[in-house]
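J.: One file: input_30.cif (mmCIF, C-alpha atoms).
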data_start
loop_
_atom_site.label_atom_id
_atom_site.label_comp_id
_atom_site.auth_asym_id
_atom_site.auth_seq_id
_atom_site.Cartn_x
_atom_site.Cartn_y
_atom_site.Cartn_z
CA MET C 20 0.00 0.00 0.00
CA ILE C 21 1.36 3.40 -0.90
CA GLY C 22 1.23 5.35 2.27
CA ASN C 23 3.65 8.22 2.32
CA ARG C 24 6.43 9.81 0.35
CA ARG C 25 9.06 7.46 1.64
CA ASP C 26 7.03 4.47 0.52
CA GLN C 27 6.56 6.14 -2.83
CA GLN C 28 10.31 6.64 -3.17
CA GLU C 29 10.90 3.05 -2.19
CA GLU C 30 8.37 1.90 -4.77
CA ASN C 31 10.01 4.05 -7.44
CA HIS C 32 13.34 2.52 -6.57
CA LEU C 33 11.87 -0.98 -6.80
CA MET C 34 10.10 -0.09 -10.01
CA VAL C 35 13.26 0.97 -11.78
CA GLU C 36 16.13 -1.01 -10.41
CA VAL C 37 14.97 -4.36 -9.12
CA SER C 38 14.63 -7.35 -11.42
CA ASP C 39 11.42 -9.35 -11.73
CA LEU C 40 13.07 -12.36 -10.16
CA GLU C 41 14.16 -10.41 -7.11
CA LEU C 42 10.66 -8.99 -6.74
CA VAL C 43 9.28 -12.52 -6.88
CA GLU C 44 11.70 -13.59 -4.15
CA ARG C 45 10.73 -10.64 -1.98
CA THR C 46 7.04 -11.36 -2.46
CA LEU C 47 7.61 -14.94 -1.39
CA GLU C 48 9.36 -13.63 1.70
CA GLY C 49 6.18 -11.79 2.62
CA GLU C 50 6.86 -8.34 1.18
CA HIS C 51 3.58 -7.57 -0.55
CA GLN C 52 4.83 -4.23 -1.82
CA ALA C 53 7.19 -6.14 -4.12
CA PHE C 54 4.24 -7.83 -5.77
CA GLU C 55 2.55 -4.49 -6.23
CA VAL C 56 5.61 -3.33 -8.15
CA LEU C 57 5.31 -6.40 -10.37
CA VAL C 58 1.66 -5.53 -10.98
CA ARG C 59 2.56 -1.96 -11.90
CA ARG C 60 5.31 -3.16 -14.19
CA TRP C 61 3.24 -5.71 -16.07
CA GLU C 62 -0.40 -4.60 -15.88
CA GLY C 63 -0.01 -2.55 -19.09
CA PRO C 64 1.34 -5.38 -21.29
CA ILE C 65 -1.05 -7.94 -19.82
CA PHE C 66 -4.03 -5.65 -20.31
CA SER C 67 -2.90 -4.92 -23.86
CA LEU C 68 -2.54 -8.63 -24.65
CA ALA C 69 -5.99 -9.39 -23.22
CA TYR C 70 -7.57 -6.44 -25.00
CA ARG C 71 -6.16 -7.43 -28.40
CA LEU C 72 -7.31 -10.99 -27.88
CA SER C 73 -10.79 -10.25 -26.61
CA GLY C 74 -11.51 -6.92 -28.30
CA SER C 75 -13.24 -5.71 -25.14
CA ASP C 76 -11.68 -3.51 -22.50
CA GLU C 77 -14.02 -4.79 -19.81
CA GLU C 78 -13.06 -8.39 -20.54
CA ALA C 79 -9.41 -7.37 -20.70
CA ARG C 80 -9.66 -5.76 -17.27
CA ASP C 81 -11.15 -8.94 -15.82
CA VAL C 82 -8.51 -11.13 -17.45
CA CYS C 83 -5.84 -8.79 -16.09
CA GLN C 84 -7.23 -8.98 -12.58
CA GLU C 85 -7.57 -12.77 -12.62
CA THR C 86 -4.09 -13.14 -14.05
CA PHE C 87 -2.41 -11.24 -11.25
CA LEU C 88 -4.47 -12.94 -8.56
CA ALA C 89 -3.58 -16.35 -10.01
CA ALA C 90 0.06 -15.30 -10.27
CA PHE C 91 0.07 -14.26 -6.62
CA ARG C 92 -1.56 -17.48 -5.47
CA HIS C 93 0.75 -19.69 -7.48
CA LEU C 94 3.95 -17.70 -7.19
CA LYS C 95 5.66 -20.61 -5.46
CA SER C 96 5.21 -22.74 -8.55
CA PHE C 97 7.04 -20.23 -10.74
CA ARG C 98 10.21 -21.86 -12.05
CA ARG C 99 13.17 -19.55 -12.21
CA GLU C 100 14.44 -20.90 -15.55
CA ALA C 101 11.63 -19.12 -17.44
CA LYS C 102 11.21 -15.37 -17.57
CA PHE C 103 8.62 -14.04 -15.15
CA SER C 104 6.92 -12.18 -18.01
CA SER C 105 6.61 -15.40 -20.03
CA TRP C 106 5.04 -17.12 -17.06
CA LEU C 107 2.65 -14.21 -16.60
CA TYR C 108 1.72 -14.16 -20.29
CA ARG C 109 1.00 -17.86 -20.10
CA ILE C 110 -1.32 -17.36 -17.13
CA ALA C 111 -3.06 -14.53 -18.97
CA LEU C 112 -3.60 -16.71 -22.07
CA ASN C 113 -4.93 -19.57 -19.95
CA THR C 114 -7.20 -17.17 -18.09
CA TRP C 115 -8.52 -15.73 -21.32
CA ARG C 116 -9.14 -19.19 -22.80
CA SER C 117 -10.87 -20.53 -19.71
CA ARG C 118 -13.06 -17.43 -19.52
CA GLN C 119 -13.94 -17.94 -23.17
CA ARG C 120 -14.96 -21.51 -22.46
CA ARG C 121 -16.83 -20.55 -19.31
CA GLN C 122 -18.96 -17.75 -20.68
CA PRO C 123 -19.24 -17.87 -24.45
CA ALA C 124 -22.86 -16.71 -24.29
CA GLU C 125 -22.04 -13.69 -22.16
CA SER C 126 -19.25 -12.42 -24.36
CA MET C 127 -20.27 -9.41 -26.31
CA SER C 128 -20.02 -9.33 -30.06
CA LEU C 129 -17.69 -6.76 -31.52
CA GLU C 130 -20.58 -4.86 -33.10
CA GLU C 131 -22.45 -4.57 -29.81
CA GLU C 132 -19.27 -3.71 -28.04
CA THR C 133 -18.54 -0.85 -30.39
CA GLU C 134 -21.99 0.59 -29.80
CA THR C 135 -21.69 0.47 -26.04
CA ARG C 136 -18.15 1.77 -25.81
CA GLY C 137 -18.60 5.35 -26.83
CA PHE C 138 -15.90 6.55 -24.47
CA ASP C 139 -13.33 7.45 -27.10
CA PRO C 140 -12.22 11.02 -26.69
CA PRO C 141 -12.72 13.24 -29.74
CA ASP C 142 -9.66 13.17 -31.93
CA THR C 143 -8.80 16.72 -32.80
CA ALA C 144 -5.50 15.89 -34.51
CA ASN C 145 -7.11 14.22 -37.55
CA PRO C 146 -9.95 15.49 -39.69
CA PRO C 147 -13.23 13.53 -39.26
CA ASP C 148 -13.12 11.76 -42.65
CA GLU C 149 -9.69 10.39 -42.10
CA ARG C 150 -10.57 9.36 -38.58
CA LEU C 151 -13.70 7.56 -39.73
CA LEU C 152 -11.76 5.71 -42.36
CA ARG C 153 -9.12 4.74 -39.87
CA ASP C 154 -11.72 3.58 -37.34
CA GLU C 155 -13.46 1.57 -40.02
CA ARG C 156 -10.23 -0.15 -41.01
CA ALA C 157 -9.40 -0.84 -37.38
CA GLN C 158 -12.86 -2.29 -36.93
CA LEU C 159 -12.38 -4.66 -39.86
CA VAL C 160 -9.05 -5.80 -38.46
CA ARG C 161 -10.64 -6.46 -35.07
CA ARG C 162 -13.38 -8.51 -36.66
CA ALA C 163 -11.00 -10.47 -38.83
CA LEU C 164 -8.75 -11.20 -35.85
CA ALA C 165 -11.68 -12.21 -33.66
CA ALA C 166 -12.72 -14.77 -36.28
CA LEU C 167 -9.31 -16.48 -36.26
CA PRO C 168 -8.80 -19.70 -34.31
CA ALA C 169 -7.45 -18.90 -30.82
CA GLU C 170 -4.07 -20.54 -31.33
CA MET C 171 -3.29 -18.34 -34.34
CA ARG C 172 -4.78 -15.22 -32.82
CA GLN C 173 -2.54 -15.59 -29.78
CA VAL C 174 0.60 -15.85 -31.85
CA ILE C 175 -0.31 -12.92 -34.09
CA VAL C 176 -1.20 -10.71 -31.12
CA MET C 177 2.00 -11.56 -29.25
CA LYS C 178 4.11 -10.93 -32.32
CA GLU C 179 2.40 -7.94 -33.90
CA TYR C 180 1.16 -6.00 -30.90
CA GLU C 181 3.32 -7.15 -28.02
CA GLY C 182 6.51 -7.39 -30.05
CA LEU C 183 7.66 -10.70 -28.57
CA LYS C 184 10.44 -12.64 -30.26
CA PHE C 185 9.73 -16.06 -31.77
CA HIS C 186 11.57 -17.83 -28.95
CA GLU C 187 9.66 -15.83 -26.33
CA ILE C 188 6.32 -16.83 -27.84
CA ALA C 189 7.55 -20.41 -27.93
CA GLU C 190 8.41 -20.18 -24.23
CA VAL C 191 5.01 -18.71 -23.34
CA LEU C 192 3.11 -21.38 -25.23
CA GLY C 193 5.50 -24.23 -24.54
CA ILE C 194 5.82 -25.13 -28.22
CA PRO C 195 8.79 -25.24 -30.64
CA VAL C 196 9.84 -22.08 -32.48
CA SER C 197 9.10 -23.80 -35.78
CA THR C 198 5.46 -24.26 -34.68
CA VAL C 199 5.27 -20.58 -33.77
CA LYS C 200 6.41 -19.66 -37.28
CA THR C 201 3.95 -22.06 -38.88
CA ARG C 202 1.04 -20.71 -36.84
CA LEU C 203 2.05 -17.17 -37.63
CA TYR C 204 2.29 -17.88 -41.35
CA THR C 205 -1.03 -19.70 -41.43
CA GLY C 206 -2.70 -17.07 -39.28
CA LEU C 207 -1.50 -14.19 -41.44
CA THR C 208 -2.59 -15.99 -44.59
CA LEU C 209 -6.06 -16.65 -43.15
CA LEU C 210 -6.28 -13.07 -41.98
CA ARG C 211 -5.42 -11.85 -45.42
CA ARG C 212 -8.25 -13.86 -46.93
CA ARG C 213 -10.70 -12.67 -44.31
CA LEU C 214 -9.73 -9.05 -44.73
CA GLU C 215 -10.12 -9.35 -48.47
CA GLY C 216 -13.49 -11.01 -47.88
CA LEU C 217 -14.56 -8.13 -45.65
CA GLY C 218 -13.66 -5.65 -48.39
CA PHE C 219 -10.49 -4.36 -46.78
CA SER C 220 -8.41 -2.73 -49.52
CA LEU C 221 -5.05 -4.32 -48.81
CA GLY C 222 -3.39 -2.75 -51.80
CA LYS C 223 -3.96 0.89 -50.80
CA GLU C 224 -1.83 1.72 -47.84
CA MET Q 6 -2.20 -18.14 -63.09
CA THR Q 7 -0.78 -18.81 -59.62
CA THR Q 8 -2.24 -16.92 -56.67
CA PRO Q 9 -0.04 -16.17 -53.67
CA HIS Q 10 -2.02 -18.61 -51.52
CA GLN Q 11 -1.41 -21.46 -53.88
CA SER Q 12 2.24 -20.51 -54.19
CA ALA Q 13 3.12 -21.65 -50.67
CA ALA Q 14 2.74 -25.21 -51.80
CA ILE Q 15 5.23 -24.61 -54.56
CA CYS Q 16 8.03 -22.93 -52.64
CA ASP Q 17 8.52 -24.37 -49.20
CA ARG Q 18 10.57 -21.70 -47.47
CA ARG Q 19 7.82 -20.43 -45.16
CA ALA Q 20 9.91 -20.49 -42.00
CA GLU Q 21 12.59 -18.34 -43.63
CA LEU Q 22 9.97 -16.08 -45.12
CA VAL Q 23 8.30 -15.47 -41.75
CA ALA Q 24 11.65 -14.90 -40.05
CA TYR Q 25 12.63 -12.44 -42.79
CA LEU Q 26 9.24 -10.71 -42.59
CA TYR Q 27 9.82 -9.94 -38.90
CA GLY Q 28 13.53 -9.23 -39.21
CA GLU Q 29 14.52 -12.08 -36.93
CA VAL Q 30 17.38 -13.28 -39.12
CA THR Q 31 21.14 -12.95 -39.04
CA PRO Q 32 22.72 -10.78 -41.76
CA ALA Q 33 23.86 -13.96 -43.52
CA GLU Q 34 20.36 -15.47 -43.48
CA ALA Q 35 18.90 -12.20 -44.73
CA ALA Q 36 21.37 -12.07 -47.61
CA SER Q 37 20.68 -15.68 -48.48
CA PHE Q 38 16.91 -15.17 -48.50
CA GLU Q 39 17.21 -11.97 -50.54
CA ARG Q 40 19.17 -13.89 -53.16
CA HIS Q 41 16.37 -16.45 -53.20
CA LEU Q 42 13.77 -13.69 -53.56
CA GLN Q 43 15.46 -12.46 -56.72
CA THR Q 44 14.86 -15.78 -58.40
CA CYS Q 45 11.51 -16.77 -56.80
CA PRO Q 46 8.46 -14.70 -57.83
CA VAL Q 47 6.28 -16.91 -55.62
CA CYS Q 48 8.07 -15.90 -52.43
CA ARG Q 49 8.21 -12.27 -53.56
CA ALA Q 50 4.42 -12.21 -53.98
CA GLU Q 51 3.95 -14.03 -50.68
CA LEU Q 52 6.20 -11.58 -48.86
CA ASP Q 53 4.34 -8.59 -50.33
CA GLY Q 54 1.00 -10.09 -49.34
CA LEU Q 55 2.03 -10.75 -45.75
CA GLN Q 56 3.56 -7.30 -45.45
CA THR Q 57 0.25 -5.70 -46.40
CA VAL Q 58 -1.51 -7.80 -43.76
CA ARG Q 59 1.00 -6.56 -41.21
CA THR Q 60 0.31 -2.97 -42.26
CA ALA Q 61 -3.42 -3.62 -41.96
CA LEU Q 62 -2.92 -5.03 -38.45
CA GLN Q 63 -1.13 -1.87 -37.42
CA SER Q 64 -4.16 0.21 -38.39
CA TRP Q 65 -5.79 -1.02 -35.18
CA GLU Q 66 -4.10 1.32 -32.76
CA MET Q 67 -4.31 0.75 -29.03
CA ASP Q 68 -7.61 2.46 -28.20
CA ALA Q 69 -8.11 1.39 -24.59
CA VAL Q 70 -6.38 2.62 -21.47
CA ALA Q 71 -4.90 0.05 -19.14
CA PRO Q 72 -6.44 0.40 -15.68
CA ARG Q 73 -4.35 0.88 -12.58
CA LEU Q 74 -5.32 -2.32 -10.85
CA GLN Q 75 -5.74 -2.50 -7.14
CA LEU Q 76 -5.62 -6.04 -5.91
CA VAL Q 77 -6.64 -6.62 -2.34
CA ILE Q 78 -5.47 -10.04 -1.35
CA ARG Q 79 -6.43 -11.72 1.87
CA PRO Q 80 -3.20 -13.23 3.11
CA THR Q 81 -3.02 -16.67 4.65
CA VAL Q 82 -2.42 -16.81 8.38
CA TRP Q 83 1.22 -17.63 7.73
CA GLN Q 84 1.68 -14.71 5.31
CA ALA Q 85 -0.05 -12.34 7.72
CA TRP Q 86 2.16 -13.57 10.52
CA ARG Q 87 5.28 -12.94 8.46
CA GLU Q 88 4.10 -9.47 7.60
CA PHE Q 89 3.29 -8.76 11.25
CA PHE Q 90 6.73 -10.04 12.23
CA ALA Q 91 8.39 -7.84 9.61
CA LEU Q 92 6.70 -4.77 11.14
CA LEU Q 93 8.07 -5.41 14.64
CA PRO Q 94 11.13 -3.49 15.87
CA ARG Q 95 14.34 -5.44 16.34
CA TRP Q 96 13.88 -6.13 20.06
CA GLY Q 97 10.27 -7.15 19.38
CA LYS Q 98 11.43 -9.63 16.77
CA LEU Q 99 13.98 -11.10 19.15
CA ALA Q 100 11.44 -11.41 21.97
CA THR Q 101 8.73 -12.83 19.72
CA GLY Q 102 11.21 -15.16 18.05
CA ALA Q 103 12.48 -16.41 21.38
CA ALA Q 104 8.95 -16.95 22.68
CA ALA Q 105 8.04 -18.81 19.51
CA VAL Q 106 11.13 -21.01 19.79
CA VAL Q 107 10.32 -21.85 23.42
CA LEU Q 108 6.75 -22.65 22.48
CA VAL Q 109 7.75 -24.77 19.52
CA ILE Q 110 10.38 -26.70 21.48
CA SER Q 111 8.02 -27.38 24.35
CA LEU Q 112 5.29 -28.51 21.98
CA ALA Q 113 7.54 -30.33 19.59
CA ASN Q 114 8.96 -32.56 22.27
CA VAL Q 115 5.62 -33.63 23.62
CA GLN Q 116 5.64 -37.34 23.12
CA ILE Q 117 2.88 -39.76 23.89
CA THR Q 118 3.83 -43.42 23.79
CA ILE Q 119 1.17 -46.09 24.05
CA GLY Q 120 2.73 -49.41 25.03
CA PRO Q 121 2.35 -52.43 27.27
CA HIS Q 122 3.05 -50.32 30.37
CA GLY Q 123 0.36 -47.76 29.65
CA VAL Q 124 0.52 -44.31 28.21
CA LEU Q 125 3.82 -42.54 28.59
CA LEU Q 126 4.06 -38.85 28.14
CA SER Q 127 7.14 -36.66 27.95
CA THR Q 128 7.61 -32.95 27.33
CA GLY Q 129 10.50 -30.84 26.09
CA TRP Q 130 11.52 -30.02 29.67
CA LEU Q 131 12.34 -33.58 30.67
CA THR Q 132 14.47 -36.10 28.90
CA ASN Q 133 12.80 -39.24 27.62
CA SER Q 134 14.67 -41.52 29.99
CA GLU Q 135 13.65 -39.49 33.05
CA THR Q 136 10.03 -39.46 32.00
CA ALA Q 137 10.00 -43.09 31.13
CA HIS Q 138 11.61 -44.04 34.36
CA GLY Q 139 9.36 -41.82 36.47
CA LEU Q 140 6.17 -43.08 34.95
CA ARG Q 141 7.09 -46.68 34.53
CA ALA Q 142 8.34 -47.25 38.05
CA PRO Q 143 4.99 -47.59 39.79
CA ALA Q 144 3.67 -49.93 37.11
CA VAL Q 145 6.66 -52.22 37.34
CA THR Q 146 6.98 -52.30 41.09
CA PRO Q 147 3.95 -54.48 41.89
CA THR Q 148 5.05 -57.23 39.53
CA ALA Q 149 8.58 -57.25 40.93
CA SER Q 150 7.55 -57.27 44.58
CA GLY Q 151 5.73 -60.59 44.41
CA ALA Q 152 2.23 -59.27 43.90
CA ALA Q 153 0.91 -58.77 47.44
CA PRO Q 154 -2.93 -58.85 47.36
CA SER Q 155 -3.23 -55.43 48.91
CA GLN Q 156 -1.09 -53.93 46.18
CA THR Q 157 -2.92 -55.47 43.25
CA PRO Q 158 -5.74 -52.93 43.10
CA THR Q 159 -3.18 -50.10 42.76
CA LEU Q 160 -2.20 -51.34 39.31
CA PRO Q 161 -5.40 -50.34 37.48
CA ASP Q 162 -5.52 -47.14 39.56
CA ASP Q 163 -2.10 -46.11 38.34
CA THR Q 164 -3.01 -46.85 34.76
CA VAL Q 165 -6.21 -44.85 35.07
CA LEU Q 166 -4.25 -42.03 36.67
CA GLN Q 167 -1.74 -42.11 33.85
CA HIS Q 168 -4.54 -42.09 31.28
CA ALA Q 169 -6.19 -39.16 33.00
CA ALA Q 170 -2.92 -37.27 33.27
CA ALA Q 171 -2.18 -37.87 29.59
CA ARG Q 172 -5.65 -36.72 28.60
CA LEU Q 173 -5.35 -33.64 30.79
CA VAL Q 174 -1.98 -32.69 29.33
CA ALA Q 175 -3.21 -33.33 25.77
CA GLU Q 176 -6.19 -31.09 26.44
CA MET Q 177 -3.95 -28.42 27.89
CA VAL Q 178 -1.71 -28.56 24.84
CA ALA Q 179 -4.74 -28.25 22.55
CA THR Q 180 -6.12 -25.33 24.56
CA GLN Q 181 -2.74 -23.62 24.53
CA SER Q 182 -2.57 -24.05 20.75
CA GLN Q 183 -6.11 -22.70 20.30
CA ALA Q 184 -5.35 -19.70 22.53
CA ARG Q 185 -2.24 -18.95 20.51
CA ASP Q 186 -4.19 -19.20 17.22
CA ALA Q 187 -6.95 -16.97 18.61
CA ALA Q 188 -4.45 -14.31 19.71
CA LEU Q 189 -2.79 -14.43 16.31
CA GLU Q 190 -6.14 -14.22 14.50
CA ALA Q 191 -7.12 -11.22 16.63
CA ARG Q 192 -3.89 -9.42 15.83
CA ILE Q 193 -4.24 -10.17 12.12
CA LYS Q 194 -7.85 -9.04 12.15
CA ALA Q 195 -6.81 -5.76 13.77
CA ILE Q 196 -4.19 -5.19 11.08
CA LEU Q 197 -6.61 -6.04 8.28
CA ASP Q 198 -9.36 -3.87 9.79
CA ALA Q 199 -7.01 -0.91 10.03
CA ARG Q 200 -5.98 -1.43 6.45
CA LEU Q 201 -9.57 -1.74 5.24
CA LYS Q 202 -10.47 1.46 7.08
CA GLN Q 203 -7.58 3.27 5.42
CA GLN Q 204 -8.59 1.96 2.01
CA ARG Q 205 -12.18 3.04 2.55
CA ALA Q 206 -11.03 6.56 3.44
CA GLU Q 207 -8.87 6.66 0.31
CA LEU Q 208 -11.74 5.38 -1.80
CA VAL Q 209 -14.15 7.98 -0.44
CA GLN Q 210 -11.57 10.65 -1.20
CA LEU Q 211 -11.23 9.35 -4.75
CA VAL Q 212 -14.97 9.08 -5.32
CA ASN Q 213 -15.34 12.69 -4.24
CA GLN Q 214 -13.13 13.70 -7.10
CA LEU Q 215 -15.30 11.96 -9.70
CA ASN Q 216 -18.01 13.60 -11.71
CA ARG Q 217 -21.53 12.19 -11.88
CA GLU Q 218 -20.97 10.05 -14.95
CA GLN Q 219 -17.83 8.51 -13.50
CA ARG Q 220 -19.61 7.78 -10.24
CA LEU Q 221 -22.33 5.94 -12.10
CA GLN Q 222 -19.68 3.91 -13.93
CA LEU Q 223 -17.98 3.12 -10.64
CA ALA Q 224 -21.28 2.05 -9.12
CA THR Q 225 -21.77 -0.34 -12.04
CA TRP Q 226 -18.33 -1.84 -11.52
CA ILE Q 227 -18.91 -2.27 -7.82
CA ARG Q 228 -22.19 -4.06 -8.51
CA GLU Q 229 -20.44 -6.31 -10.99
CA SER Q 230 -17.61 -7.10 -8.63
CA GLU Q 231 -20.11 -7.99 -5.91
CA GLN Q 232 -21.73 -10.46 -8.26
CA ARG Q 233 -18.42 -12.14 -8.86
CA ALA Q 234 -17.88 -13.59 -5.43
CA SER Q 235 -14.37 -14.83 -4.99
CA PRO Q 236 -13.21 -16.17 -1.63
CA ASP Q 237 -9.72 -14.75 -1.87
CA LEU Q 238 -10.70 -11.40 -3.20
CA LEU Q 239 -12.18 -8.79 -0.92
CA ASP Q 240 -12.73 -6.35 -3.73
CA LEU Q 241 -11.09 -4.84 -6.72
CA VAL Q 242 -11.36 -1.27 -7.70
CA SER Q 243 -10.13 -0.08 -11.06
CA ASN Q 244 -9.45 3.58 -10.78
CA PHE Q 245 -9.58 6.14 -13.49
CA SER Q 246 -6.09 7.08 -14.45
CA MET Q 247 -6.90 10.78 -14.22
CA VAL Q 248 -8.12 10.34 -10.68
CA GLU Q 249 -4.79 8.78 -9.80
CA GLY Q 250 -3.13 11.96 -10.96
CA ASP Q 251 -1.35 10.29 -13.84
CA GLU Q 252 -2.36 12.87 -16.40
#
Translate this file's structure into structure tokens.
T.:
Amino acid sequence: MIGNRRDQQEENHLMVEVSDLELVERTLEGEHQAFEVLVRRWEGPIFSLAYRLSGSDEEARDVCQETFLAAFRHLKSFRREAKFSSWLYRIALNTWRSRQRRQPAESMSLEEETETRGFDPPDTANPPDERLLRDERAQLVRRALAALPAEMRQVIVMKEYEGLKFHEIAEVLGIPVSTVKTRLYTGLTLLRRRLEGLGFSLGKE
Amino acid sequence: MTTPHQSAAICDRRAELVAYLYGEVTPAEAASFERHLQTCPVCRAELDGLQTVRTALQSWEMDAVAPRLQLVIRPTVWQAWREFFALLPRWGKLATGAAAVVLVISLANVQITIGPHGVLLSTGWLTNSETAHGLRAPAVTPTASGAAPSQTPTLPDDTVLQHAAARLVAEMVATQSQARDAALEARIKAILDARLKQQRAELVQLVNQLNREQRLQLATWIRESEQRASPDLLDLVSNFSMVEGDE
């Protein structure tokens, strides 16, 4: 809990200088503040991953929350040979998949979701036409991605949006690098067909 | 005419193509694949196609703001104890540690042996041999002394006494353990209550900074979080980033 300035300074120090592994050790020793630093450090990427996968910020927030709670509960089972972030990504993917299985009927379609969002701040930097066009293209991409099989969507999201290396994705999913490449290739090819099917003008960029 | 999708079956260098597409190749591999591209129109078309898909993917910019999560985790008794211990001053740690060691040693050495001579009980403050000797002696004596009729009835009495003593001590140990747990629970509860109170105050302060629309949104989230009952989770509040002063 952030109580006073000294705590804040301590947290800043932890945030910048201490490795994930050391923070894990400290959490296991009972220092809950160390886990809070891990949450601060990784909540952005985990939320981003969940948002790109689900297309809903509400769902992404829930996945994010469940991921960190699960990570805290099972911190003892974290094996030091893997990166903490890989372990966390894996938990997030499992959480997302199990939520998908658990509540397929409750999940909101992308169309409905777009209607209910309505929180986007007005974009003053771009003229309305250009913004509309861009939003429309983004919308098509979201739909095409959402229609991909989960195993390909995961790989594409981790590579394209999270910028993970092939070997990192392989570590997260526990599969060989060659399989990662195959899934990526197949996923991109499928996506291309879907985008073309949705009328996305791939030639004009 | 060959389409790019059909072409993959013709030229089987997908792995290299994907690696090249994302720039995860050594300079030598890149040069090698570029030489291949010059002679393979199929791979050239495939590369172009995948690059346009990548460009399309980038048109979906990140349009959601990551929340600043606040996880409130109910610690286990052991975790709470460790945290409590960490908060104590040095002398407090030493005193508490010493008391805990004494308690553990005295409890750890409690030994109840059920054998042909009855129930034997020893504690950490007596050695096993002393205890064994002290408790066995009366049971053995009657047999060794030729079993005088007047002494015979004392045998079951001693055994009953030993049973009763063992039961009494076992009960005392259990009570002691319960009392220790209760004291620990009370201390933990006090710490958690204080923390909850502090969090409530902070929350009220934050809510006061929200406008009407944001309050309504917050109310919705709170309702939702109440519906999702989770034993380990007291509550989770996702704060607006602007309320946190991150702007």
J.: Mind telling me what the PyMOL selection byres ((chain C) within 8 of (chain Q)) catches here, as number ranges by chain?
T.: C: 48-50, 58-59, 62-63, 66-67, 70, 76, 80, 84, 88, 139, 153-154, 156-158, 160-161, 179, 184, 197, 200-201, 203-204, 207-208, 210-211, 221-222, 224
J.: Take the PyMOL selection byres ((chain C and resi 91-99) around 9), apply it to the structure above, and return the hits as a list of chain:residue names.
T.: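 Applying the expression gives C:Leu40, C:Val43, C:Thr46, C:Leu47, C:Phe54, C:Thr86, C:Phe87, C:Leu88, C:Ala89, C:Ala90, C:Glu100, C:Ala101, C:Lys102, C:Phe103, C:Trp106, Q:Ile78.
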J.: Put those residues in a file: C-alpha atoms, as a short mmCIF file (atom, residue, chain, number, x, y, z; two decimals), in the coordinates of the input.
T.:
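Generated file (out-v4.cif):
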data_model
loop_
_atom_site.label_atom_id
_atom_site.label_comp_id
_atom_site.auth_asym_id
_atom_site.auth_seq_id
_atom_site.Cartn_x
_atom_site.Cartn_y
_atom_site.Cartn_z
CA LEU C 40 13.07 -12.36 -10.16
CA VAL C 43 9.28 -12.52 -6.88
CA THR C 46 7.04 -11.36 -2.46
CA LEU C 47 7.61 -14.94 -1.39
CA PHE C 54 4.24 -7.83 -5.77
CA THR C 86 -4.09 -13.14 -14.05
CA PHE C 87 -2.41 -11.24 -11.25
CA LEU C 88 -4.47 -12.94 -8.56
CA ALA C 89 -3.58 -16.35 -10.01
CA ALA C 90 0.06 -15.30 -10.27
CA GLU C 100 14.44 -20.90 -15.55
CA ALA C 101 11.63 -19.12 -17.44
CA LYS C 102 11.21 -15.37 -17.57
CA PHE C 103 8.62 -14.04 -15.15
CA TRP C 106 5.04 -17.12 -17.06
CA ILE Q 78 -5.47 -10.04 -1.35
#
J.: Can you tell me which residues surround Asp39 of chain C at a distance of at most 10 Å, considering only C-alpha atoms, apart from same-chain residues fewer than 6 positions away, and format the answer as a PyMOL selection string?
T.: chain C and resi 33+45+53-54+56-57+60-61+102-104
J.: Calculate how many Å separate atom CA of Ala184 of chain Q from atom CA of Ala103 of chain Q, rounding to one decimal.
T.: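 Atom-to-atom, atom CA of Ala184 of chain Q to atom CA of Ala103 of chain Q, that is 18.2 Å.
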J.: For the PyMOL selection byres ((chain C and resi 189) around 12), applied here, can you spell out every residue it catches as a ChimeraX atom specification?
T.: /C:101,105-106,108-109,173-174,177-178,183-188,190-203
J.: Between atom CA of Gln183 of chain Q and atom CA of Ile196 of chain Q, measure the distance and give it in Å to one decimal.
T.: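 Answer for the atom CA of Gln183 of chain Q to atom CA of Ile196 of chain Q separation: 19.9 Å.
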J.: To one decimal place, how far is atom CA of Glu85 of chain C from atom CA of Leu42 of chain C in Å?
T.: 19.5 Å
J.: Name the residues in contact with Glu77 of chain C at a cut-off of 10 Å, using all atoms listed in the file, excluding same-chain residues fewer than 4 positions from it; report them as a list of chain:residue names.
T.: C:Ala69, C:Tyr70, C:Ser73, C:Asp81, C:Val82, C:Cys83, C:Glu132, C:Arg136, Q:Ala69, Q:Trp226
